[in-house]
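Next comes coords_0.csv, with CSV, N, CA and C atoms.
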```
chain,number,residue,atom,x,y,z
A,1050,MET,N,-38.5,-37.0,71.0
A,1050,MET,CA,-37.9,-37.4,72.2
A,1050,MET,C,-39.0,-38.0,73.1
A,1051,LEU,N,-40.2,-37.5,73.1
A,1051,LEU,CA,-41.2,-38.1,73.9
A,1051,LEU,C,-41.5,-39.6,73.5
A,1052,TRP,N,-41.4,-39.8,72.2
A,1052,TRP,CA,-41.7,-41.1,71.6
A,1052,TRP,C,-40.6,-42.1,72.2
A,1053,PHE,N,-39.4,-41.7,72.2
A,1053,PHE,CA,-38.3,-42.6,72.7
A,1053,PHE,C,-38.5,-42.9,74.2
A,1054,GLN,N,-38.8,-41.9,75.0
A,1054,GLN,CA,-39.0,-42.1,76.4
A,1054,GLN,C,-40.2,-43.0,76.7
A,1055,GLY,N,-41.3,-42.9,75.9
A,1055,GLY,CA,-42.4,-43.8,76.1
A,1055,GLY,C,-42.1,-45.2,75.7
A,1056,ASN,N,-41.2,-45.4,74.8
A,1056,ASN,CA,-40.9,-46.8,74.4
A,1056,ASN,C,-39.6,-47.4,75.0
A,1057,SER,N,-39.0,-46.6,75.8
A,1057,SER,CA,-37.7,-47.0,76.4
A,1057,SER,C,-37.9,-48.3,77.2
A,1058,MET,N,-39.0,-48.4,78.0
A,1058,MET,CA,-39.3,-49.5,78.8
A,1058,MET,C,-39.4,-50.8,77.9
A,1059,GLN,N,-40.1,-50.6,76.8
A,1059,GLN,CA,-40.3,-51.8,75.9
A,1059,GLN,C,-39.0,-52.2,75.3
A,1060,LEU,N,-38.2,-51.2,75.0
A,1060,LEU,CA,-36.8,-51.5,74.4
A,1060,LEU,C,-36.0,-52.2,75.5
A,1061,ALA,N,-36.0,-51.8,76.7
A,1061,ALA,CA,-35.2,-52.4,77.8
A,1061,ALA,C,-35.7,-53.8,78.0
A,1062,LYS,N,-37.0,-54.0,78.0
A,1062,LYS,CA,-37.6,-55.4,78.2
A,1062,LYS,C,-37.1,-56.3,77.1
A,1063,TYR,N,-37.1,-55.8,75.8
A,1063,TYR,CA,-36.7,-56.6,74.7
A,1063,TYR,C,-35.2,-56.9,74.8
A,1064,CYS,N,-34.4,-55.9,75.1
A,1064,CYS,CA,-32.9,-56.1,75.1
A,1064,CYS,C,-32.5,-57.1,76.2
A,1065,PHE,N,-33.2,-57.0,77.4
A,1065,PHE,CA,-32.7,-57.8,78.5
A,1065,PHE,C,-33.5,-59.1,78.7
A,1066,ARG,N,-34.5,-59.4,77.9
A,1066,ARG,CA,-35.3,-60.6,78.0
A,1066,ARG,C,-34.4,-61.9,78.0
A,1067,PRO,N,-33.4,-62.1,77.1
A,1067,PRO,CA,-32.6,-63.3,77.1
A,1067,PRO,C,-31.8,-63.4,78.4
A,1068,PHE,N,-31.3,-62.3,78.9
A,1068,PHE,CA,-30.5,-62.2,80.1
A,1068,PHE,C,-31.4,-62.7,81.3
A,1069,LEU,N,-32.6,-62.1,81.4
A,1069,LEU,CA,-33.4,-62.4,82.5
A,1069,LEU,C,-33.9,-63.9,82.5
A,1070,ARG,N,-34.1,-64.4,81.3
A,1070,ARG,CA,-34.5,-65.8,81.1
A,1070,ARG,C,-33.4,-66.7,81.6
A,1071,ASN,N,-32.2,-66.4,81.2
A,1071,ASN,CA,-31.0,-67.2,81.7
A,1071,ASN,C,-30.8,-67.1,83.1
A,1072,LEU,N,-31.0,-66.0,83.7
A,1072,LEU,CA,-30.8,-65.8,85.1
A,1072,LEU,C,-31.8,-66.6,85.9
A,1073,SER,N,-33.1,-66.6,85.5
A,1073,SER,CA,-34.1,-67.4,86.3
A,1073,SER,C,-33.9,-68.9,86.0
A,1074,ALA,N,-33.4,-69.3,84.9
A,1074,ALA,CA,-33.2,-70.7,84.6
A,1074,ALA,C,-32.0,-71.2,85.4
A,1075,SER,N,-31.0,-70.4,85.6
A,1075,SER,CA,-29.8,-70.9,86.3
A,1075,SER,C,-30.0,-70.8,87.8
A,1076,LYS,N,-31.1,-70.3,88.3
A,1076,LYS,CA,-31.3,-70.3,89.8
A,1076,LYS,C,-31.4,-71.7,90.3
A,1077,THR,N,-30.6,-72.1,91.2
A,1077,THR,CA,-30.6,-73.4,91.8
A,1077,THR,C,-31.0,-73.3,93.2
A,1078,VAL,N,-31.6,-74.3,93.7
A,1078,VAL,CA,-32.0,-74.4,95.1
A,1078,VAL,C,-31.0,-75.2,95.8
A,1079,LEU,N,-30.4,-74.7,96.9
A,1079,LEU,CA,-29.5,-75.5,97.7
A,1079,LEU,C,-30.2,-76.4,98.6
A,1080,PRO,N,-29.6,-77.6,98.8
A,1080,PRO,CA,-30.2,-78.5,99.8
A,1080,PRO,C,-30.0,-78.0,101.2
A,1081,VAL,N,-30.9,-78.5,102.1
A,1081,VAL,CA,-30.8,-78.0,103.5
A,1081,VAL,C,-30.1,-79.1,104.3
A,1082,LEU,N,-29.0,-78.8,105.0
A,1082,LEU,CA,-28.4,-79.7,105.9
A,1082,LEU,C,-28.8,-79.2,107.3
A,1083,THR,N,-29.5,-80.1,108.0
A,1083,THR,CA,-30.0,-79.7,109.3
A,1083,THR,C,-29.1,-80.4,110.4
A,1084,LEU,N,-28.6,-79.5,111.3
A,1084,LEU,CA,-27.7,-80.0,112.4
A,1084,LEU,C,-28.5,-80.0,113.6
A,1085,PHE,N,-28.8,-81.1,114.2
A,1085,PHE,CA,-29.4,-81.2,115.5
A,1085,PHE,C,-28.3,-81.1,116.6
A,1086,THR,N,-28.5,-80.1,117.5
A,1086,THR,CA,-27.4,-79.7,118.4
A,1086,THR,C,-28.0,-79.2,119.7
A,1087,LYS,N,-27.1,-78.8,120.6
A,1087,LYS,CA,-27.5,-78.2,121.9
A,1087,LYS,C,-26.3,-77.4,122.3
A,1088,ASP,N,-26.4,-76.6,123.3
A,1088,ASP,CA,-25.4,-75.8,123.8
A,1088,ASP,C,-25.0,-76.2,125.3
A,1089,PRO,N,-23.9,-76.5,125.6
A,1089,PRO,CA,-22.7,-76.7,124.7
A,1089,PRO,C,-22.7,-78.0,124.0
A,1090,CYS,N,-21.9,-78.0,122.9
A,1090,CYS,CA,-21.8,-79.3,122.1
A,1090,CYS,C,-20.4,-79.2,121.4
A,1091,PRO,N,-19.3,-79.6,122.0
A,1091,PRO,CA,-18.0,-79.5,121.4
A,1091,PRO,C,-18.0,-80.3,120.1
A,1092,LEU,N,-18.6,-81.4,120.0
A,1092,LEU,CA,-18.6,-82.2,118.8
A,1092,LEU,C,-19.3,-81.5,117.7
A,1093,CYS,N,-20.4,-80.7,118.0
A,1093,CYS,CA,-21.1,-79.9,117.0
A,1093,CYS,C,-20.2,-78.8,116.5
A,1094,ASP,N,-19.5,-78.2,117.4
A,1094,ASP,CA,-18.6,-77.1,117.0
A,1094,ASP,C,-17.5,-77.7,116.0
A,1095,GLU,N,-17.0,-78.8,116.4
A,1095,GLU,CA,-16.0,-79.5,115.5
A,1095,GLU,C,-16.6,-79.8,114.2
A,1096,ALA,N,-17.8,-80.3,114.2
A,1096,ALA,CA,-18.5,-80.7,112.9
A,1096,ALA,C,-18.7,-79.5,112.0
A,1097,LYS,N,-19.1,-78.3,112.6
A,1097,LYS,CA,-19.3,-77.1,111.8
A,1097,LYS,C,-17.9,-76.7,111.2
A,1098,GLU,N,-16.8,-76.8,111.9
A,1098,GLU,CA,-15.5,-76.5,111.3
A,1098,GLU,C,-15.2,-77.4,110.1
A,1099,VAL,N,-15.5,-78.7,110.2
A,1099,VAL,CA,-15.3,-79.6,109.1
A,1099,VAL,C,-16.1,-79.3,107.9
A,1100,LEU,N,-17.3,-78.8,108.2
A,1100,LEU,CA,-18.3,-78.5,107.1
A,1100,LEU,C,-17.9,-77.1,106.4
A,1101,GLU,N,-17.1,-76.3,107.0
A,1101,GLU,CA,-16.8,-75.0,106.5
A,1101,GLU,C,-16.5,-75.0,105.0
A,1102,PRO,N,-15.6,-75.8,104.5
A,1102,PRO,CA,-15.3,-75.8,103.0
A,1102,PRO,C,-16.5,-76.1,102.1
A,1103,TYR,N,-17.5,-76.7,102.6
A,1103,TYR,CA,-18.7,-77.1,101.8
A,1103,TYR,C,-19.8,-76.2,101.9
A,1104,LYS,N,-19.7,-75.1,102.7
A,1104,LYS,CA,-20.8,-74.2,103.1
A,1104,LYS,C,-21.5,-73.6,101.9
A,1105,ASN,N,-20.9,-73.5,100.7
A,1105,ASN,CA,-21.5,-72.9,99.6
A,1105,ASN,C,-22.4,-73.9,98.8
A,1106,ARG,N,-22.4,-75.2,99.3
A,1106,ARG,CA,-23.2,-76.2,98.6
A,1106,ARG,C,-24.5,-76.6,99.3
A,1107,PHE,N,-24.7,-76.0,100.5
A,1107,PHE,CA,-26.0,-76.3,101.2
A,1107,PHE,C,-26.3,-75.1,102.1
A,1108,VAL,N,-27.5,-75.2,102.6
A,1108,VAL,CA,-27.9,-74.2,103.6
A,1108,VAL,C,-27.9,-75.0,105.0
A,1109,LEU,N,-27.1,-74.4,105.9
A,1109,LEU,CA,-27.1,-75.1,107.2
A,1109,LEU,C,-28.2,-74.6,108.1
A,1110,GLN,N,-29.0,-75.5,108.6
A,1110,GLN,CA,-30.0,-75.1,109.6
A,1110,GLN,C,-29.7,-75.8,110.9
A,1111,GLU,N,-29.6,-75.1,112.0
A,1111,GLU,CA,-29.4,-75.6,113.3
A,1111,GLU,C,-30.6,-75.7,114.1
A,1112,VAL,N,-30.8,-76.9,114.7
A,1112,VAL,CA,-32.0,-77.1,115.6
A,1112,VAL,C,-31.5,-77.4,117.0
A,1113,ASP,N,-31.8,-76.6,117.9
A,1113,ASP,CA,-31.4,-76.8,119.3
A,1113,ASP,C,-32.5,-77.7,119.9
A,1114,ILE,N,-32.0,-78.9,120.2
A,1114,ILE,CA,-33.0,-80.0,120.7
A,1114,ILE,C,-33.4,-79.7,122.1
A,1115,THR,N,-32.8,-78.8,122.8
A,1115,THR,CA,-33.2,-78.5,124.2
A,1115,THR,C,-34.3,-77.5,124.3
A,1116,LEU,N,-34.7,-76.9,123.2
A,1116,LEU,CA,-35.9,-76.0,123.2
A,1116,LEU,C,-37.2,-76.8,123.4
A,1117,PRO,N,-38.1,-76.3,124.1
A,1117,PRO,CA,-39.4,-77.0,124.4
A,1117,PRO,C,-40.1,-77.4,123.1
A,1118,GLU,N,-40.0,-76.6,122.0
A,1118,GLU,CA,-40.7,-77.0,120.8
A,1118,GLU,C,-40.0,-78.1,120.0
A,1119,ASN,N,-38.8,-78.4,120.5
A,1119,ASN,CA,-38.0,-79.5,119.8
A,1119,ASN,C,-37.9,-80.8,120.7
A,1120,SER,N,-38.9,-81.0,121.6
A,1120,SER,CA,-38.8,-82.1,122.5
A,1120,SER,C,-38.8,-83.4,121.8
A,1121,THR,N,-39.4,-83.5,120.7
A,1121,THR,CA,-39.4,-84.8,119.9
A,1121,THR,C,-38.0,-85.1,119.5
A,1122,TRP,N,-37.3,-84.1,119.0
A,1122,TRP,CA,-35.9,-84.3,118.6
A,1122,TRP,C,-35.0,-84.6,119.8
A,1123,TYR,N,-35.3,-84.0,120.9
A,1123,TYR,CA,-34.5,-84.2,122.1
A,1123,TYR,C,-34.6,-85.7,122.5
A,1124,GLU,N,-35.9,-86.2,122.5
A,1124,GLU,CA,-36.1,-87.6,122.9
A,1124,GLU,C,-35.4,-88.6,121.9
A,1125,ARG,N,-35.3,-88.2,120.7
A,1125,ARG,CA,-34.7,-89.1,119.7
A,1125,ARG,C,-33.2,-89.0,119.7
A,1126,TYR,N,-32.7,-87.8,119.9
A,1126,TYR,CA,-31.2,-87.6,119.6
A,1126,TYR,C,-30.4,-87.2,120.8
A,1127,LYS,N,-31.0,-87.2,122.0
A,1127,LYS,CA,-30.3,-86.6,123.2
A,1127,LYS,C,-28.9,-87.2,123.5
A,1128,PHE,N,-28.7,-88.5,123.1
A,1128,PHE,CA,-27.4,-89.1,123.3
A,1128,PHE,C,-26.6,-89.2,122.0
A,1129,ASP,N,-27.0,-88.6,121.0
A,1129,ASP,CA,-26.3,-88.9,119.7
A,1129,ASP,C,-25.9,-87.6,118.9
A,1130,ILE,N,-26.1,-86.4,119.5
A,1130,ILE,CA,-25.7,-85.2,118.7
A,1130,ILE,C,-24.2,-85.1,118.6
A,1131,PRO,N,-23.7,-84.6,117.5
A,1131,PRO,CA,-24.5,-84.0,116.4
A,1131,PRO,C,-25.1,-85.0,115.5
A,1132,VAL,N,-26.3,-84.7,115.0
A,1132,VAL,CA,-27.0,-85.5,114.0
A,1132,VAL,C,-27.3,-84.6,112.9
A,1133,PHE,N,-27.2,-85.2,111.7
A,1133,PHE,CA,-27.4,-84.4,110.4
A,1133,PHE,C,-28.5,-85.1,109.6
A,1134,HIS,N,-29.4,-84.2,109.1
A,1134,HIS,CA,-30.4,-84.6,108.1
A,1134,HIS,C,-30.1,-83.8,106.8
A,1135,LEU,N,-30.2,-84.4,105.7
A,1135,LEU,CA,-30.1,-83.7,104.4
A,1135,LEU,C,-31.5,-83.7,103.7
A,1136,ASN,N,-32.0,-82.5,103.6
A,1136,ASN,CA,-33.4,-82.3,103.0
A,1136,ASN,C,-34.4,-83.2,103.8
A,1137,GLY,N,-34.3,-83.2,105.1
A,1137,GLY,CA,-35.3,-83.9,105.9
A,1137,GLY,C,-35.0,-85.4,106.1
A,1138,LYS,N,-34.0,-85.9,105.5
A,1138,LYS,CA,-33.7,-87.3,105.7
A,1138,LYS,C,-32.4,-87.5,106.4
A,1139,PHE,N,-32.4,-88.5,107.4
A,1139,PHE,CA,-31.2,-88.8,108.2
A,1139,PHE,C,-30.0,-89.0,107.2
A,1140,LEU,N,-28.9,-88.4,107.6
A,1140,LEU,CA,-27.7,-88.6,106.9
A,1140,LEU,C,-26.5,-89.2,107.7
A,1141,MET,N,-26.3,-88.6,108.9
A,1141,MET,CA,-25.2,-89.1,109.7
A,1141,MET,C,-25.3,-88.6,111.1
A,1142,MET,N,-24.5,-89.2,112.0
A,1142,MET,CA,-24.5,-88.7,113.4
A,1142,MET,C,-23.1,-88.9,114.0
A,1143,HIS,N,-22.9,-88.2,115.1
A,1143,HIS,CA,-21.7,-88.2,115.9
A,1143,HIS,C,-20.5,-87.4,115.3
A,1144,ARG,N,-20.2,-87.7,114.1
A,1144,ARG,CA,-19.1,-87.0,113.4
A,1144,ARG,C,-19.5,-86.8,111.9
A,1145,VAL,N,-18.9,-85.8,111.3
A,1145,VAL,CA,-19.1,-85.6,109.9
A,1145,VAL,C,-18.4,-86.7,109.1
A,1146,ASN,N,-19.2,-87.4,108.2
A,1146,ASN,CA,-18.6,-88.3,107.3
A,1146,ASN,C,-18.6,-87.6,105.9
A,1147,ILE,N,-17.4,-87.1,105.6
A,1147,ILE,CA,-17.2,-86.3,104.4
A,1147,ILE,C,-17.6,-87.1,103.1
A,1148,SER,N,-17.2,-88.3,103.0
A,1148,SER,CA,-17.4,-89.1,101.8
A,1148,SER,C,-18.9,-89.3,101.6
A,1149,LYS,N,-19.7,-89.5,102.7
A,1149,LYS,CA,-21.1,-89.7,102.6
A,1149,LYS,C,-21.8,-88.4,102.3
A,1150,LEU,N,-21.3,-87.3,102.9
A,1150,LEU,CA,-21.9,-86.0,102.6
A,1150,LEU,C,-21.6,-85.6,101.1
A,1151,GLU,N,-20.4,-85.8,100.7
A,1151,GLU,CA,-20.0,-85.5,99.3
A,1151,GLU,C,-20.8,-86.3,98.3
A,1152,LYS,N,-21.0,-87.5,98.6
A,1152,LYS,CA,-21.8,-88.4,97.7
A,1152,LYS,C,-23.2,-87.9,97.5
A,1153,GLN,N,-23.9,-87.6,98.7
A,1153,GLN,CA,-25.2,-87.1,98.6
A,1153,GLN,C,-25.4,-85.7,98.0
A,1154,LEU,N,-24.4,-84.8,98.2
A,1154,LEU,CA,-24.5,-83.5,97.6
A,1154,LEU,C,-24.3,-83.6,96.1
A,1155,ARG,N,-23.4,-84.5,95.7
A,1155,ARG,CA,-23.2,-84.7,94.2
A,1155,ARG,C,-24.4,-85.2,93.6
A,1156,LYS,N,-25.1,-86.2,94.2
A,1156,LYS,CA,-26.3,-86.8,93.7
A,1156,LYS,C,-27.4,-85.7,93.5
A,1157,LEU,N,-27.5,-84.8,94.5
A,1157,LEU,CA,-28.5,-83.7,94.5
A,1157,LEU,C,-28.2,-82.7,93.4
A,1158,GLU,N,-26.9,-82.4,93.3
A,1158,GLU,CA,-26.4,-81.5,92.3
A,1158,GLU,C,-26.6,-82.0,90.9
A,1159,GLN,N,-26.5,-83.3,90.7
A,1159,GLN,CA,-26.7,-83.9,89.4
A,1159,GLN,C,-28.2,-83.8,89.0
A,1160,GLN,N,-29.0,-83.9,90.0
A,1160,GLN,CA,-30.5,-83.8,89.8
A,1160,GLN,C,-30.8,-82.4,89.4
A,1161,GLY,N,-30.0,-81.4,89.9
A,1161,GLY,CA,-30.1,-80.0,89.5
A,1161,GLY,C,-31.2,-79.3,90.3
A,1162,THR,N,-31.8,-79.9,91.3
A,1162,THR,CA,-32.9,-79.3,92.0
A,1162,THR,C,-32.6,-79.0,93.5
A,1163,GLY,N,-31.4,-79.5,94.0
A,1163,GLY,CA,-31.2,-79.4,95.4
A,1163,GLY,C,-32.0,-80.4,96.2
A,1164,GLY,N,-32.7,-81.2,95.4
A,1164,GLY,CA,-33.4,-82.3,96.0
A,1164,GLY,C,-34.8,-81.9,96.6
A,1165,LEU,N,-35.2,-80.7,96.3
A,1165,LEU,CA,-36.5,-80.2,96.9
A,1165,LEU,C,-37.6,-80.4,96.0
```

Would you write the structure of this file as structure tokens?
Amino acid sequence: MLWFQGNSMQLAKYCFRPFLRNLSASKTVLPVLTLFTKDPCPLCDEAKEVLEPYKNRFVLQEVDITLPENSTWYERYKFDIPVFHLNGKFLMMHRVNISKLEKQLRKLEQQGTGGL
């Protein structure tokens, strides 16, 4: 019995190795959709509602342009929010363009990396 207990960890490693390999290989990185916003922003709220069905295909990161540390974004986008970047690149502004978003998400998904 002591022999079995001593080798049970090796047995577990051997049995689960293919499973663990497949698990790590299937791990995908989701792209980051950045929403430049402020409070209040009714158009931003509307945009988030439109994005709801797609939320499992990206990570939504919100940037409040009114915060002092975001003054560069404030100067750039103060009259244009909501503005969206996908993986750090400009994607769209004012309203969600579903066809444009879908096209870019599909492109990233085909690459299989989330674009990172």

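Proximity ranking of A:Leu1140, A:Val1145, A:Leu1079, A:Leu1157 relative to Val1108 (chain A) places A:Leu1079 first, based on only N, CA and C atoms.
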
*So which one's closest to Asp1113 (chain A), A:Gln1159, A:Ser1148, A:Thr1086, A:Thr1077? Using all atoms listed in the file, please.*
A:Thr1086

*Rounded to one decimal in Å, what is the spacing between atom C of Glu1124 (chain A) and CA of Glu1151 (chain A)?*
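Spanning atom C of Glu1124 (chain A) to CA of Glu1151 (chain A) is a straight-line distance of 27.5 Å.
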
*CA of Leu1109 (chain A) to CA of Leu1150 (chain A), straight-line distance in Å*: 12.9 Å

*Nearest to Phe1085 (chain A): which of A:Met1142, A:Ile1130, A:Leu1116, A:Ile1147 is it, counting only N, CA and C atoms?*
A:Ile1130

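For the pair CA of His1143 (chain A) and CA of Val1078 (chain A), the interatomic distance is 27.0 Å.
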